[in-house]
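Since the structure comes first, as structure tokens, the remarks are kept for the end.
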Amino acid sequence: MTDTHPTKRAALDRLVWPLRLTRTGMIAERFVRAYWPIWTILIAGLAGVAFGLAEALAQQVLWALLAVIVLALLWACVSGYRRFRMPTRAEALERLDATLPGRPISALIDHPAIGAGDPQAMTVWEVHIARMAARTSSARAPLPDLRVNDRDPYGLRFLAITAFAMALLFGTIWKVAEVGEAIAGVETQPTGGPSWEGWVEPPLYTGLPSLYLNDIEAAAFEAPAGSRITLRLYGDPGQIDVSQSLHPGVVPPGEDVLSRQFTLQQSGDLSIAGVNPRSWQITMIEDQPPSVTMAEPLSGVPPGSVQMTYDARDDYGIAGGHVLIALAPDRADRRYGLSVDPEPREPLSLELPLPFSGDRAEFTEILVEDLSEHPFANLPVRLTLTVEDDAGQLGQEEITVDRLPGRRFFDPLANALVEMRRDLLWSRENAPRVAQLLRAITYRGEDLFDDENAYRMVRVAIRRLEAGDSVSLETRDQVAEMLWEVALVIEEGDLADALERLRRAQDRLEEAMRQGASDEEIAQLMQELREAMDDYMQELADNMEPGDGTDEPDREGESMEISRADLEEMMERIEELMQQGRMAEAQELLDALREMMENMQMSQNGSDPNGPQSPGQEAMEGLQNSLRDQQGLADETFRDLQERFNPNAPAPDGQTPEGGQQGNAEGGEADQGTLAERQRQLREQLREQAQNLPGRGTPGGEEALRRLEEANRAMRDAIEELERGDLAEALDSQSEAMEGLREGMEELGRALAEIEEGEDPGQGQAEGNMQGERPLEDPLGRQAGNNGSMGTDQSYEEREEAFRRARDLLDEIRRRSADQTRPDVELEYLRRLLDRFATGPR
């Protein structure tokens with residue numbers, strides 16, 4: 001590789017050390033790949049010797065094992081010698097050259113084949129050589145590849161290294177010197193004579209460390225019950241004697257046994273006589289049984305959940321627990337439907353919750369369970385709380401409560417139906433009595449039932465109870481389920497009229513006063529009253545006649561003004577009086593509130609609804625009605641979508657479950673056709689309203705017309721989707737239609753304001769209701785005028801309540817969307833709602 005060219009020679013001289021290192025690395029690679037079995041066999045053999053394999057094996061077996069090892073080493077040496085080949089300098093140069101871009105070393109060694117006499121060609125060649133020489137300045141020896149995975153696919157070398165490491169940690173490497181004695185058959189004697197080792201291992205659940213007896217100098221110590229005591233004897237066992245009184249009934253082993261093991265069952269002595277004698281007095285620490293107590297009285301979480309707070313303790317930790325809830329008929333008021341003996345019913349078993357993390361030796365946890373539909377709800381029960389520790393010991397507490405919290409029904413009719421359900425579940429002997437009382441309830445049902453479907457379901461329940469001489473368990477459970485569903489419909493209701501909802505909320509609150517409801521139930525009822533009050537106030541605001549701003553009361557002193565804040569203060573005072581037990585005062589204040597709301601209704605009804613209205617007011621009222629009808633239609637579409645994925649639910653017309661599946665399917669198709677037809681009528685109504693829309697020619701009027709056209713197109717899409725049965729997509733289109741209607745109303749309101757610029761819109765006020773200077777608000781606290789616009793120019797702090805309510809609505813949608821037991825279509829619809837309203841404007 002000699003060359004007289006100065007550039008080449010200088011560049012190649014710089015490659016001397018990189019080339020040497022590269023060749024050395026190649027030697028290491030080939031040596032490891034050729035001879036790895038040798039050091040694998042040697043390391044594995046050393047590990048076996050360190051673990052005492054030579055002492056454990058018989059002499060003949062040891063000879064055979066050594067012969068196998070020697071033969072394996074010879075094979076490894078011969079095989080490695082045949083595979084190993086010393087790398088040449090050219091191979092090393094090739095390896096180094098392959099690491100550089102453009103392989104410059106090959107270019108430096110090369111010579112021009114043609115053009116040696118051409119000056120121009122040689123000039124180009126010199127430039128090329130100079131560039132290649134510059135590239136060699138970055139030459140570095142590559143790292144050797146010492147991996148032998150392709151030659152050791154089973155990882156035998158790693159097993160050998162692991163065994164050797166374990167031998168160094170837990171074995172004795174000096175036992176290599178004993179191999180010769182074991183081969184020669186010489187019996188080894190311990191250098192220090194016979195010896196022993198001992199350990200005390202507490203049960204794992206205690207979390208306590210093991211004790212090494214050889215290190216315990218004290219004459220006495222303590223150990224938990226169930227600890228395992230292990231003794232290892234080395235040398236001549238006849239020279240060591242072990243005696244103990246910790247585990248009675250253990251037979252002393254023979255002299256050939258080199259280990260002793262027993263469990264600590266009582267306090268006593270442990271003695272080792274002979275070589276290095278030791279003696280201890282061991283006191284056993286008893287494992288105390290766990291304990292459980294009720295930390296707080298059993299309470300209810302509205303609307304029908306049970307909250308149980310308990311304390312659990314154990315010296316090491318609680319492993320699990322449960323509570324049994326059994327009926328206590330001796331504590332019940334054995335009158336009416338409870339006068340007969342109850343039918344036997346298995347106690348209800350609930351798992352007690354445990355802390356997810358942390359110490360379980362002492363903790364307080366809360367069990368919350370919805371038992372509102374269970375037959376034991378609102379009846380006296382016996383609770384048996386049981387906890388268990390890891391040792392299998394139990395701790396129990398039994399208490400009796402006069403009433404297992406359940407859902408309270410404050411509507412008299414719903415309460416009566418639930419009472420009939422309770423009597424039927426108490427005993428089937430009450431079936432004739434329940435049927436008779438249900439017939440009395442449904443006599444002239446049109447005066448008592450606001451929901452015709454609820455009335456029909458009760459009649460179906462009566463026929464079920466009277467169908468035979470006896471009532472089966474299946475029939476009993478079906479009737480109980482029907483009565484429960486009807487009671488929920490009656491109690492919660494879905495009244496369209498805001499005043500009726502307000503009256504119902506007031507009636508339920510009065511009934512709660514009479515029944516002595518809890519603070520949580522009072523808070524829930526007060527919230528319902530507030531919501532009904534908000535809806536009623538909004539309805540009054542929507543129905544107010546606009547005036548000219550100069551209206552005066554007919555008779556001075558006969559009208560009074562009350563703000564929303566005054567109403568809220570009055571309701572807070574009612575809730576405070578009820579929680580203090582001052583029911584009489586709360587009732588008086590509630591009566592005053594009822595009278596005030598009735599007077600507001602009379603004042604509103606006293607106005608002339610047929611008075612003259614401007615074209616803008618008529619158009620706004622028509623769009624409001626269309627928006628309300630579209631909202632109702634979307635609600636019915638959503639209910640049909642739910643019923644499609646819940647075929648076992650009672651049919652809307654109260655039909656029996658037998659054969660109900662086919663009826664539901666046929667009825668569903670008919671309902672979809674009805675929904676499509678109603679959607680078509682609503683679209684025609686919107687088209688007529690758009691044709692007569694005032695404000696045409698103004699920017700606001702044209703924008704309102706464009707928004708209504710978008711709503712019209714969304715309604716057209718909803719009609720097509722309803723006709724082909726795609727309820728989920730129809731819901732999206734109906735939502736877009738409602739959004740277009742709202743935006744169109746807002747734009748129309750702005751256009752009317754521009755037309756009447758400078759004029760007072762004269763929104764008016766209801767007597768005894770609202771302050772004239774106070775803007776109307778919707779249930780979320782936003783200003784709402786007759787022009788349909790929504791919004792406020794108040795600061796965030798002043799509208800905190802509105803944001804809170806909006807957050808509550810979004811939280812409820814998120815909670816339902818996280819419930820994976822709901823149908824997939826409903827979950828998809830809820831997610832689309834979140835995408836539309838929870839992530840900002842689209």
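Each chain in the structure tokens gets a letter, A, B, ..., in the order shown, and its residues are numbered from 1; ligands are numbered from 1 in order too.
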- Task: Write out as number ranges by chain the residues lying within 12 Å of Gln630 in chain A, counting only C-alpha atoms and excluding same-chain residues fewer than 5 positions away.
- Result: A: 623-625, 635-637, 675-676, 678-683, 685-686, 711-712, 714-715, 718, 730-731, 733-742
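Within range 152-318 of chain A, DSSP run on the backbone puts these residues in alpha helix (DSSP H): Leu156, Arg157, Phe158, Leu159, Ala160, Ile161, Thr162, Ala163, Phe164, Ala165, Met166, Ala167, Leu168, Leu169, Phe170, Val179, Gly180, Glu181, Ala182, Ile183 and Ala184 of chain A.
Counting only C-alpha atoms, range 42-46 of chain A has the following residues at most 7 Å away, ignoring those fewer than 4 positions along the same chain: Ile38, Ala50, Ala160, Ile161, Ala163 and Phe164 of chain A.
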File dump, residues just selected, all heavy atoms, as a PDB file, in the first residue's frame:
```
ATOM      1  N   ILE A  38     -17.106 -21.790  25.890  1.00  0.00           N
ATOM      2  CA  ILE A  38     -16.128 -22.182  26.910  1.00  0.00           C
ATOM      3  C   ILE A  38     -16.408 -21.456  28.211  1.00  0.00           C
ATOM      4  O   ILE A  38     -16.545 -22.066  29.278  1.00  0.00           O
ATOM      5  CB  ILE A  38     -14.694 -21.905  26.408  1.00  0.00           C
ATOM      6  CG1 ILE A  38     -14.396 -22.773  25.189  1.00  0.00           C
ATOM      7  CG2 ILE A  38     -13.679 -22.150  27.507  1.00  0.00           C
ATOM      8  CD1 ILE A  38     -13.027 -22.521  24.579  1.00  0.00           C
ATOM      9  N   ALA A  50     -20.358 -23.378  43.878  1.00  0.00           N
ATOM     10  CA  ALA A  50     -20.587 -22.407  44.946  1.00  0.00           C
ATOM     11  C   ALA A  50     -21.871 -22.694  45.705  1.00  0.00           C
ATOM     12  O   ALA A  50     -21.974 -22.391  46.900  1.00  0.00           O
ATOM     13  CB  ALA A  50     -20.631 -20.994  44.357  1.00  0.00           C
ATOM     14  N   ALA A 160     -26.108 -18.734  32.644  1.00  0.00           N
ATOM     15  CA  ALA A 160     -24.884 -19.021  33.391  1.00  0.00           C
ATOM     16  C   ALA A 160     -24.453 -17.811  34.216  1.00  0.00           C
ATOM     17  O   ALA A 160     -24.077 -17.946  35.397  1.00  0.00           O
ATOM     18  CB  ALA A 160     -23.773 -19.445  32.428  1.00  0.00           C
ATOM     19  N   ILE A 161     -24.519 -16.619  33.628  1.00  0.00           N
ATOM     20  CA  ILE A 161     -24.117 -15.412  34.362  1.00  0.00           C
ATOM     21  C   ILE A 161     -25.058 -15.164  35.533  1.00  0.00           C
ATOM     22  O   ILE A 161     -24.615 -14.798  36.637  1.00  0.00           O
ATOM     23  CB  ILE A 161     -24.100 -14.207  33.399  1.00  0.00           C
ATOM     24  CG1 ILE A 161     -22.976 -14.373  32.365  1.00  0.00           C
ATOM     25  CG2 ILE A 161     -23.920 -12.912  34.158  1.00  0.00           C
ATOM     26  CD1 ILE A 161     -22.975 -13.308  31.296  1.00  0.00           C
ATOM     27  N   ALA A 163     -26.835 -17.407  37.221  1.00  0.00           N
ATOM     28  CA  ALA A 163     -26.556 -18.404  38.258  1.00  0.00           C
ATOM     29  C   ALA A 163     -25.277 -18.063  39.023  1.00  0.00           C
ATOM     30  O   ALA A 163     -25.212 -18.210  40.258  1.00  0.00           O
ATOM     31  CB  ALA A 163     -26.440 -19.796  37.629  1.00  0.00           C
ATOM     32  N   PHE A 164     -24.271 -17.571  38.304  1.00  0.00           N
ATOM     33  CA  PHE A 164     -23.021 -17.213  38.972  1.00  0.00           C
ATOM     34  C   PHE A 164     -23.225 -16.014  39.900  1.00  0.00           C
ATOM     35  O   PHE A 164     -22.665 -15.974  41.011  1.00  0.00           O
ATOM     36  CB  PHE A 164     -21.948 -16.916  37.920  1.00  0.00           C
ATOM     37  CG  PHE A 164     -20.590 -16.667  38.495  1.00  0.00           C
ATOM     38  CD1 PHE A 164     -19.860 -17.699  39.075  1.00  0.00           C
ATOM     39  CD2 PHE A 164     -20.033 -15.398  38.480  1.00  0.00           C
ATOM     40  CE1 PHE A 164     -18.609 -17.471  39.621  1.00  0.00           C
ATOM     41  CE2 PHE A 164     -18.773 -15.161  39.025  1.00  0.00           C
ATOM     42  CZ  PHE A 164     -18.062 -16.197  39.597  1.00  0.00           C
TER      43      PHE A 164
END
```
- Got a sec: who's within 12 Å of Ala223 in chain A, counting only C-alpha atoms, leaving out chain neighbours fewer than 3 positions off, as a PyMOL selection string? chain A and resi 199-203+206+208-211+213+220+226-229+246+263-268+280-287
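With only C-alpha atoms as the atoms that count, the minimum distance from Arg85 in chain A to the choices A:Ala28, A:Leu810, A:Leu567, A:Ala619 is reached by A:Ala28.
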- Task: Just give me the gap between CA of Asp118 in chain A and CA of Arg9 in chain A in Å, one decimal is fine.
- Result: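 Separating CA of Asp118 in chain A from CA of Arg9 in chain A is a distance of 22.7 Å.
Residue nearest Pro694 in chain A within the list A:Arg713, A:Arg750, A:Arg422, A:Arg832: A:Arg750 [criterion: smallest interatomic distance, only C-alpha atoms].
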- Please provide the set of residues having any atom within 8 Å of range 389-406 of chain A, restricted to only C-alpha atoms, with same-chain residues fewer than 6 positions apart removed, written as an MDAnalysis selection string. chainID A and resid 205 287 289:293 298:300 303:306 314 316:320 328 331:332 370:373 376:383
- Task: Quick one: pull the distance between CA of Ala76 in chain A and CA of Tyr35 in chain A, Å, one decimal.
- Result: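 It comes out at 6.7 Å.
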- Query: Hey, which of A:Glu126, A:Asp330, A:Asp110, A:Asp411 ends up closest to Ala512 in chain A? Count only C-alpha atoms.
  - Reply: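 The shortest atom-to-atom distance to Ala512 in chain A comes from A:Asp411.
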- Using only C-alpha atoms: which of A:Trp36, A:Arg724, A:Gly744, A:Gln580 has the shortest distance to Leu705 in chain A: A:Gly744
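For range 81-232 of chain A, backbone-based DSSP labels the following residues as strand (DSSP E): Ser195, Trp196, Glu197, Gly198, Trp199, Val200, Glu201, Leu211, Tyr212, Ala220, Phe221, Glu222, Ala223, Pro224, Arg228, Ile229, Thr230, Leu231 and Arg232 of chain A.
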